[in-house]
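S.K.: This is the structure I want to talk about, given as structure tokens.
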Amino acid sequence: MPERKTKRRFLRILIITTLLLTVTFFVGRYILFREIRNALRDRVLNLQKDGIALEFDSLYLNPWNGSISVQNLNITINKDKEGSVYNIKASIPSIIIRGVRIMPFIIDRSLAIRKIALDNPRITYRKHASIPDSKSRRAFLEGINIDDIRITRAALIVMDSLVHDSLNTASFDLNVRNLGLEKTGDSLVWYDAEVELHKALISAPKTSYSFSIASATLNLTEGELAIDSFRIVPLYNRRKFMRVAGKQTDRISGVIPAMHIHGLRFSHTPDLVVRATNAEVSFRLDVFRDKRYPFVKDHHTRLPMNFLQKLPFNIQTDTLRLTDSYVKYQEFPENADSAGYVFFDHLKAVITNIHNDPELNQDIVMDTQAQFMGKGDLNVHFTFPSDTTKPCKTTGTLRGFELPSLNTMLGPAAKVRIESGVMTNLKFNFAYTMKRSDGLVEINYKNLKISSLREKDDKAAISVVKTLILNTFIKNNMDENVDTNDKTGTILFYRDTKRSIFNYWWKSVFSGVKSAYNIDKLPVPSKNDNARDERREAEKKRDKRNKKKDKDSKR
């Protein structure tokens, strides 16, 4: 009997405990959803006072299965007095929230959700818009944890601030897993997530470009960022692109097949600090510039270190590696009939100690290797001091380069053709500041022969007079048999601060090349020489016409 009573007593206790837990669970769930409903209602009222209006067709909260659904949610921010102008407007046809958990809210007032799904959200943002300050933004939860967020067919539209034209449009799919937010001060701070972006497409008509990303993945826990197939595509062909720009500008098309960043960390101390252990990237770029258009630029270009120090956040990266890449630069000179080009193949680089802390006494160093025009071995070493008052330094060599490869650029630009020659070794070493570069170039080459082309002859006939002058003043050989002083040029170039850093580097080296080649000392052909050439050409054309007339008369 006592044993039976004990079993009955245990059974009653078990049943009562189960009932209490069940009641507590459902009551707690009900309390949670009531809190959510009240918080939402209070938040909506406060937002409306701040000029943020929320409208929806239906809002359904089910405390028994932990689901919330909203249909046709519309959010409008900053309407004017007539209600006809908005800064930000969002429309979401469907929001479904599932698996709202009760225990985290009861224990530490945190919100835990299993899944959130948004389908076809559309956000319109007016350029230069400002979101009104809200006194109701203080976080009322201690934390938020969401297992899975799926946003499909999202659209973001940036409108002009004065007219209704769209400036930029973006579409994408977004998936966020294991999202974690925790309360810091009065705000919720993002500390954990795995973010996946798919099929992102951005169209920016005002810039004449579109951009796309096949996929991108960010894992905050592991500190990993991976981007697959980032593309930049001009919206117009070369002629229309330049006509739309109306000035000299670079038309860039290219792809970054892959980018990986490891050891990525974000912190606030109190400014935003972005740290990374190392990164790897490769790219293929095709750049075109038409110099027949005017050069118009209303701002000055910063040097690399000055640019980094002007970023709105702190950056620290141990190593950035550029793997097998390719760059082609094409240029249509002002007085040419075709475009010339140069390219760098198998481009590789290692950049160490990347930072923008002016107080960190650590230089940024970059070592670069490439095949210039697919023929010569180019190696360049760059040093960027953290103290921007000190000059930057560049040293490099170009070896085993076949000089006729330059005809793709020299022909259209300078009406010169290199018939033969090998650059056995070109050495350059210079320092540069914001205004000026100084250094030396040493040139070693063999069997150089140059021809000058007539400017007005489509058949590019050789101009005998100019060719004779070029080969008289430019030596056929500059090698070990030539005194070092005779094959060394002086780098002295005053920078155009509106031009790019690449223009600065190239013009600095070229100033030394011109000095070594005595190009600046070449005499200009006299008007009599040019007149004689033109007279001979006119006589040939007249003879052809006379012969044709004789044949016609005989017929």
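In the structure tokens, the first chain shown is A, the next is B, and so on; residue numbers restart at 1 for each chain, and ligands run from 1 in the order shown.
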Pick out the residues sitting within 8 Å of segment 244-249 of chain A, and hand them over as a ChimeraX atom specification; count only C-alpha atoms, and ignore anything fewer than 5 positions along from it in its own chain.

M.R.: /A:289-296

S.K.: Please provide as a list of chain:residue names all residues within 10 Å of Arg399 of chain A, with the sequence filter that same-chain residues fewer than 5 positions apart are discarded (counting only C-alpha atoms).

M.R.: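 Residues near the query, excluding close chain neighbours: A:Gln371, A:Phe372, A:Lys375, A:Gly376, A:Asp377, A:Leu378, A:Asn379, A:Val422, A:Met423, A:Thr424, A:Asn425, A:Leu426, A:Lys427, A:Asn444, A:Tyr445.
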
S.K.: Rank nothing, just name the residue among A:Ser171, A:Ser58, A:Asn178, A:Asn145 nearest to Glu194 of chain A, using only C-alpha atoms.

M.R.: A:Asn178

S.K.: Could you pull the residues within 10 Å of Asn314 of chain A, counting only C-alpha atoms, minus those fewer than 5 positions along the same chain, as a count of residues only?

M.R.: 13

S.K.: So that I can see what lies close to Glu142 of chain A, please list as a CSV table (one decimal) with C-alpha atoms, in the first residue's frame the residues with an atom at most 6 Å from it, counting only C-alpha atoms and leaving out residues fewer than 4 positions away in the same chain.

M.R.:
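Below is the file out-v3.csv, written as the result:
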```
chain,number,residue,atom,x,y,z
A,109,ARG,CA,14.6,39.7,-22.4
A,110,SER,CA,16.1,38.6,-25.7
A,183,LYS,CA,22.7,45.6,-26.7
```

S.K.: Which neighbours of Asp496 of chain A fall inside 9 Å, counting only C-alpha atoms, when residues of the same chain fewer than 4 positions from it are skipped, and could you give them as a list in words?

M.R.: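 Contacts, with the query itself left out: His300, Lys435, Ser500, Asn503 and Tyr504 of chain A.
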
S.K.: Could the residues in this selection be saved with N, CA and C atoms as a compact mmCIF listing (two decimals), in the first residue's frame?

M.R.:
```txt
# COMPACT_ATOMS: atom_id res chain seq x y z
N HIS A 300 41.74 67.61 -57.12
CA HIS A 300 43.10 67.11 -57.18
C HIS A 300 43.14 65.65 -56.73
N LYS A 435 54.39 67.23 -55.42
CA LYS A 435 54.58 68.15 -56.54
C LYS A 435 55.61 67.71 -57.57
N SER A 500 46.21 61.12 -62.56
CA SER A 500 46.26 59.96 -61.67
C SER A 500 47.69 59.67 -61.23
N ASN A 503 49.73 58.14 -64.02
CA ASN A 503 50.27 59.14 -64.93
C ASN A 503 51.55 59.73 -64.34
N TYR A 504 51.55 59.97 -63.04
CA TYR A 504 52.73 60.53 -62.34
C TYR A 504 53.92 59.58 -62.46
```

S.K.: A:Ile213, A:Met366, A:Met373, A:Ile232: which is nearest Cys392 of chain A, counting only C-alpha atoms?

M.R.: A:Met366

S.K.: When you draw a straight line from atom CA of Pro121 of chain A to atom CA of Thr76 of chain A, how long is it in Å?

M.R.: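 These atoms are spaced 13.7 Å apart.
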
S.K.: Per DSSP on the backbone, filter segment 238-395 of chain A down to the residues in alpha helix (DSSP H) and report them as a list of chain:residue names.

M.R.: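 Taking segment 238-395 of chain A and keeping alpha helix (DSSP H) gives A:Arg238, A:Arg239, A:Lys240, A:Phe241, A:Met242, A:Arg243, A:Val244, A:Ala245, A:Pro304, A:Met305, A:Asn306, A:Phe307, A:Leu308, A:Gln309.
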
S.K.: Got a sec: who's within 9 Å of Phe344 of chain A, counting only C-alpha atoms, leaving out chain neighbours fewer than 5 positions off, as a compact mmCIF listing (two decimals) with C-alpha atoms, in the first residue's frame?

M.R.:
```
# COMPACT_ATOMS: atom_id res chain seq x y z
CA SER A 325 46.13 39.55 -63.38
CA TYR A 326 45.97 41.53 -66.63
CA VAL A 327 45.65 45.23 -67.50
CA LYS A 328 45.35 46.76 -70.96
CA TYR A 329 45.42 50.53 -71.47
CA ALA A 370 54.56 41.71 -64.68
CA GLN A 371 55.18 40.86 -68.32
CA PHE A 372 55.20 44.21 -70.14
CA MET A 373 53.57 43.79 -73.56
CA GLY A 374 54.01 40.06 -73.04
```

S.K.: With only C-alpha atoms as the atoms that count, which of A:Arg499, A:Lys199, A:Lys514, A:Arg302 lies nearest to Thr433 of chain A?

M.R.: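 The shortest atom-to-atom distance to Thr433 of chain A comes from A:Arg302.
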
S.K.: Find, counting only C-alpha atoms, the residue in A:Arg153, A:Lys206, A:Arg101, A:Lys89 that gets nearest to Arg126 of chain A.

M.R.: A:Lys89

S.K.: Can you pull out the residues contacting Ala170 of chain A? Cut-off 9 Å, using only C-alpha atoms, and skip same-chain residues under 2 positions away; I want them as an MDAnalysis selection string.

M.R.: chainID A and resid 154:158 168 172 200:204

S.K.: Counting only C-alpha atoms, figure out which residue out of A:Arg150, A:Leu322, A:Ile52, A:His346 gets nearest to Ile97 of chain A.

M.R.: A:Arg150

S.K.: Can you list every residue in segment 144-270 of chain A that DSSP puts in strand (DSSP E or B), as a PyMOL selection string?

M.R.: chain A and resi 144-159+166-184+187-204+209-219+224-234+251-262+265-268
